[in-house]
Amino acid sequence: MAGAFWCVVEDDRQGQPKKVTGELIGEARRWAAELGGAVEAMWLTDRAAPEGLDQLAGWGASRIWLWEDAALVPYRGETWAPAIAALASRESPRAIWGAVTSRHRELMARLAAQLGAGIAADCVAFSLADGQLVATRPVYAGKLLSRVRWKSGPWVATLRPNVFKVAEAGGGAAPTVERQTVGAVSAPTRFVERREEAQTGLPELTEAEIVVSGGRGLKGPENFALLEELAGVLGAAVGASRAAVDAGWKPHRFQVGQTGRTISPKLYIGCGISGAIQHLAGMRTSKVICAVNKDADAPIFKIADFGLVGDLFEVVPHLTEEFRKLKR
Amino acid sequence: MKMLVLVKQVPDTATQVKVSSDPRAIDQTGITWIVSPYDEFALEEALRIKEKRGSGAADEVVAVTLGPERAKEALRSCLAMGADRAIHVNDPAFEGADTLVAAHALAAVARLESPDLVLTGRQAIDDDMGVTGAQVAEILGWPCLSWIMEESVAEDAKSIRVGRQVEGGLEVFDVPLPCVVTAQKGMNEPRYPTLKGIMGAKKKEVKEWKAADLQPGGMSAMTAALEVVALEALPPRPPGRMLTGDPKEMARELVRTLREDVKAI
């Protein structure tokens, strides 16, 4: 029997899987149908809400491996990786997939090293060649695409959020839940504290479906308020160009581009961003790109689907107003 | 306290990269090579740790790279910034190395050097895998803390307190040494090499190591587990539509199109 596709659950730390987990399961189901094998969810958490388990079932996971233990939060490599690696040695999954999030990025790297498997990070598409799965992933921050294949399995990969379709309702039998125990781990790493960022009420940059981004054209940090208002209306995340970050207008976690975050939202609205190569690299896989810039020759217009030539200080408030009307 | 800083030489961010006649590689003509920016943050942090401790020659910062002959330039930059010496793993056996092979080679260097702390960038900005630090840690059986924004080494150099960036905040941990940390942008501002630093770098040691120097009998771990089938340019985006004129009209037209034609909203 072909090994299973394992999808590691990313959750909201409140016992509920995030949408990206549905995307992982959706894509895994597609390949499991083609190549054989079950689709199973691996959930490591301190609390799995019953609705959370229902959600995984609804997405079509046929089995849920569940480790529910306070020692698993916050994520530490030395508690998570051995749990999954030990099970993988026993169960021989065909693939182990995670999301491009802070903990999965590291976890998948450790798992691949532990299992001697290849890892493809930040995948945006899969295809088949000679019965073998091939992953497509942006390299050079999205200036090129690289197609890679595994010479040694399981196929360990992380998948970029917002790119794959969320699994449709499964309709299969109710999944079995396999409760696992976390072995006696001597985790040398000791958690001290978590410091929350100032709450903006806006979504995380890499997970947002809409991103409103600002650059040097904003002229100063205080003018990001204009974008935040627009983002608030759209339920969008706010991003910034490297120029704006290097000027100290926004912390680095807002940066979109080669030395920041690489994003693929459904809609990207760049305001006062000229479009340096390194910025375009970070957002050119967005589905729809809009740009507002005074300079009709700004490079960002070359990749924009919609270019608005005008002063952002005049255009953006009108955009906010027009989007607000839609909401009413 | 000995610190190993793992660096990679990559094309400059302003470089246009193109696929070469071998579809698995980029065309290296005219490329400006730099030390990957995140690795520079790691090196800067190591230099600051050494300066802050003020133990002089008792502490050491060693820059390590795996790469072809040209990668020596990256090590020279690190030495000019202030690294004490450098190790260049330079062997044709590593051509086509994937992250796992690279991690095994770098872990082998760490075994031979026995550092207290290994620092590297959160990812190299060429293949953008972002896994090397964690894999080196896994192979060594050490803790790894990724995407760190701040650190402070305990006075007895037995542990380090680090803050790692996660969605929505910062998680702070105390970690016993030795361990691996990967640097995120924003933790420091790397220094520019001084003229004195550049001159001094020429006198510093750059040791060249071959695969055989790393790990007797370790070659079985040196088979790549992932291979590049092909690189390709991104499909060109369809030509866009430019709007000009009255800001209010432009805004109205854009929102209408996004809503009705593109259905992006």
# chains A, B, ... in the order shown; residues from 1 in each chain; ligands from 1
call {"tool": "interface_residues", "arguments": {"of": "chain B", "to": "chain A", "cutoff": "6 Å", "atoms": "only C-alpha atoms", "output": "PyMOL selection string"}}
result
chain B and resi 13+125-129+131+134-135+138+166+168-175+186+225-234+240-244+247-248+251
call {"tool": "select_by_dssp", "arguments": {"residues": "stretch 59-201 of chain B", "states": "alpha helix (DSSP H)", "output": "MDAnalysis selection string"}}
result
chainID B and resid 72:81 99:113 132:140 195:201
call {"tool": "select_by_dssp", "arguments": {"residues": "stretch 1-48 of chain B", "states": "strand (DSSP E or B)", "output": "VMD selection string"}}
result
chain B and resid 2 to 7 9 to 11 19 26 33 to 35
call {"tool": "write_last_selection", "arguments": {"atoms": "C-alpha atoms", "output": "short mmCIF file (atom, residue, chain, number, x, y, z; two decimals), in the first residue's frame"}}
result
data_model
loop_
_atom_site.label_atom_id
_atom_site.label_comp_id
_atom_site.auth_asym_id
_atom_site.auth_seq_id
_atom_site.Cartn_x
_atom_site.Cartn_y
_atom_site.Cartn_z
CA LYS B 2 34.16 30.36 19.93
CA MET B 3 31.54 31.32 17.36
CA LEU B 4 31.13 29.87 13.88
CA VAL B 5 29.31 32.03 11.36
CA LEU B 6 28.02 30.17 8.30
CA VAL B 7 27.85 32.43 5.26
CA GLN B 9 27.97 33.97 -1.39
CA VAL B 10 24.94 34.98 -3.48
CA PRO B 11 24.11 37.34 -6.35
CA VAL B 19 18.87 30.85 -16.69
CA ILE B 26 21.90 30.54 -13.61
CA TRP B 33 28.47 38.56 -5.70
CA ILE B 34 27.81 39.51 -2.10
CA VAL B 35 27.57 37.85 1.29
#
call {"tool": "residues_around", "arguments": {"residues": "B:Ala97", "least_positions_apart": "6", "cutoff": "8 Å", "atoms": "only C-alpha atoms", "output": "PyMOL selection string"}}
result
chain B and resi 222-224
call {"tool": "atom_distance", "arguments": {"atom1": "atom CA of B:Ile87", "atom2": "atom CA of B:Gln165"}}
result
29.7 Å
call {"tool": "atom_distance", "arguments": {"atom1": "atom CA of B:Gln184", "atom2": "atom CA of B:Phe41"}}
result
7.4 Å
call {"tool": "atom_distance", "arguments": {"atom1": "atom CA of B:Asp59", "atom2": "atom CA of B:Ala212"}}
result
28.1 Å
call {"tool": "residues_around", "arguments": {"residues": "stretch 215-223 of chain A", "least_positions_apart": "6", "cutoff": "8 Å", "atoms": "only C-alpha atoms", "output": "NGL selection string"}}
result
:A and (240-244 or 248-250 or 270-274 or 293 or 312)
call {"tool": "closest_residue", "arguments": {"among": "A:Ala231, A:Ala173, A:Ala57, A:Val124", "to": "A:Glu27", "atoms": "only C-alpha atoms"}}
result
A:Val124
call {"tool": "closest_residue", "arguments": {"among": "A:Ile25, A:Leu280, A:Val233, A:Ala48", "to": "A:Asp69", "atoms": "only C-alpha atoms"}}
result
A:Ala48
call {"tool": "residues_around", "arguments": {"residues": "stretch 75-79 of chain B", "least_positions_apart": "4", "cutoff": "12 Å", "atoms": "only C-alpha atoms", "output": "PyMOL selection string"}}
result
chain B and resi 4-9+33-37+39-44+46-47+60-71+83-89+190-208
call {"tool": "decode", "arguments": {"residues": "stretch 147-268 of chain A", "atoms": "C-alpha atoms", "output": "short mmCIF file (atom, residue, chain, number, x, y, z; two decimals), in the first residue's frame"}}
result
data_model
loop_
_atom_site.label_atom_id
_atom_site.label_comp_id
_atom_site.auth_asym_id
_atom_site.auth_seq_id
_atom_site.Cartn_x
_atom_site.Cartn_y
_atom_site.Cartn_z
CA ARG A 147 11.38 22.75 -10.41
CA VAL A 148 12.78 20.16 -8.05
CA ARG A 149 12.27 16.48 -7.39
CA TRP A 150 13.10 14.19 -4.53
CA LYS A 151 15.80 11.56 -4.84
CA SER A 152 15.19 10.41 -1.31
CA GLY A 153 11.82 10.44 0.40
CA PRO A 154 9.50 11.09 2.08
CA TRP A 155 8.65 14.16 0.03
CA VAL A 156 9.12 16.83 2.69
CA ALA A 157 7.81 20.24 1.67
CA THR A 158 6.37 23.49 2.92
CA LEU A 159 3.54 25.09 0.95
CA ARG A 160 3.02 28.82 0.61
CA PRO A 161 -0.30 30.06 2.03
CA ASN A 162 -2.99 31.46 -0.31
CA VAL A 163 -1.69 29.61 -3.36
CA PHE A 164 -3.48 26.25 -3.17
CA LYS A 165 -7.24 25.76 -3.00
CA VAL A 166 -8.81 24.87 0.32
CA ALA A 167 -10.08 21.28 0.36
CA GLU A 168 -13.72 20.89 -0.52
CA ALA A 169 -15.95 18.99 1.89
CA GLY A 170 -14.61 15.45 2.03
CA GLY A 171 -17.77 13.40 2.36
CA GLY A 172 -15.73 10.34 3.30
CA ALA A 173 -16.03 8.30 6.48
CA ALA A 174 -15.35 10.04 9.77
CA PRO A 175 -11.62 9.97 10.41
CA THR A 176 -10.07 7.91 13.15
CA VAL A 177 -8.27 9.95 15.75
CA GLU A 178 -5.00 8.37 16.86
CA ARG A 179 -3.92 9.91 20.12
CA GLN A 180 -0.16 9.97 20.50
CA THR A 181 1.87 10.69 23.58
CA VAL A 182 4.85 12.98 23.63
CA GLY A 183 7.77 10.90 24.85
CA ALA A 184 9.83 12.02 27.82
CA VAL A 185 11.67 14.79 26.07
CA SER A 186 14.61 16.39 27.74
CA ALA A 187 14.11 19.73 26.04
CA PRO A 188 17.06 21.88 27.02
CA THR A 189 15.37 24.97 25.60
CA ARG A 190 13.42 26.85 28.24
CA PHE A 191 10.56 29.17 27.31
CA VAL A 192 10.78 32.53 29.05
CA GLU A 193 8.03 34.74 27.69
CA ARG A 194 6.03 35.81 24.68
CA ARG A 195 5.89 39.45 23.75
CA GLU A 196 2.90 40.36 21.63
CA GLU A 197 3.19 42.85 18.84
CA ALA A 198 0.99 45.91 19.03
CA GLN A 199 -2.36 44.62 17.82
CA THR A 200 -3.30 46.19 14.51
CA GLY A 201 -6.40 44.07 14.05
CA LEU A 202 -5.13 43.42 10.52
CA PRO A 203 -4.15 39.97 9.20
CA GLU A 204 -0.62 38.57 9.03
CA LEU A 205 1.25 39.76 5.94
CA THR A 206 2.09 36.34 4.51
CA GLU A 207 -1.37 34.93 5.08
CA ALA A 208 -3.47 37.89 3.96
CA GLU A 209 -5.62 37.65 0.85
CA ILE A 210 -5.24 41.38 0.24
CA VAL A 211 -2.12 43.44 0.89
CA VAL A 212 -1.84 47.23 0.79
CA SER A 213 1.78 48.28 0.63
CA GLY A 214 3.55 51.60 0.91
CA GLY A 215 6.92 52.98 -0.11
CA ARG A 216 9.01 56.09 -0.16
CA GLY A 217 6.18 57.98 -1.83
CA LEU A 218 4.43 58.09 1.53
CA LYS A 219 7.05 60.65 2.60
CA GLY A 220 6.96 59.71 6.27
CA PRO A 221 5.88 57.07 8.81
CA GLU A 222 2.78 59.00 9.88
CA ASN A 223 1.28 58.66 6.41
CA PHE A 224 1.01 54.88 6.70
CA ALA A 225 -2.22 55.78 8.51
CA LEU A 226 -3.73 56.40 5.06
CA LEU A 227 -2.90 52.83 4.03
CA GLU A 228 -4.02 51.39 7.34
CA GLU A 229 -7.40 52.95 6.83
CA LEU A 230 -7.70 51.43 3.37
CA ALA A 231 -6.44 48.09 4.72
CA GLY A 232 -9.00 48.24 7.52
CA VAL A 233 -11.83 48.60 5.03
CA LEU A 234 -10.52 45.72 2.92
CA GLY A 235 -9.50 43.44 5.80
CA ALA A 236 -6.03 43.60 4.27
CA ALA A 237 -2.53 43.39 5.70
CA VAL A 238 -0.17 46.33 5.42
CA GLY A 239 3.25 45.93 3.80
CA ALA A 240 6.17 48.22 3.12
CA SER A 241 9.01 48.54 0.64
CA ARG A 242 12.62 48.16 1.69
CA ALA A 243 13.10 51.91 1.31
CA ALA A 244 10.32 52.56 3.83
CA VAL A 245 11.68 49.95 6.24
CA ASP A 246 15.28 51.10 5.95
CA ALA A 247 14.08 54.65 6.64
CA GLY A 248 12.66 53.32 9.91
CA TRP A 249 9.03 54.02 9.01
CA LYS A 250 7.94 50.42 9.62
CA PRO A 251 9.57 47.46 11.39
CA HIS A 252 11.14 44.85 9.20
CA ARG A 253 8.34 42.34 9.57
CA PHE A 254 6.31 44.56 7.23
CA GLN A 255 8.87 44.40 4.44
CA VAL A 256 7.84 42.88 1.12
CA GLY A 257 10.72 41.88 -1.15
CA GLN A 258 13.85 39.82 -1.47
CA THR A 259 15.15 40.65 2.00
CA GLY A 260 11.66 40.64 3.49
CA ARG A 261 8.56 38.56 2.93
CA THR A 262 7.62 36.98 -0.35
CA ILE A 263 3.86 37.11 -0.72
CA SER A 264 1.16 35.91 -3.12
CA PRO A 265 -2.08 37.63 -2.12
CA LYS A 266 -5.16 37.64 -4.33
CA LEU A 267 -4.93 41.41 -4.54
CA TYR A 268 -1.89 43.62 -4.04
#
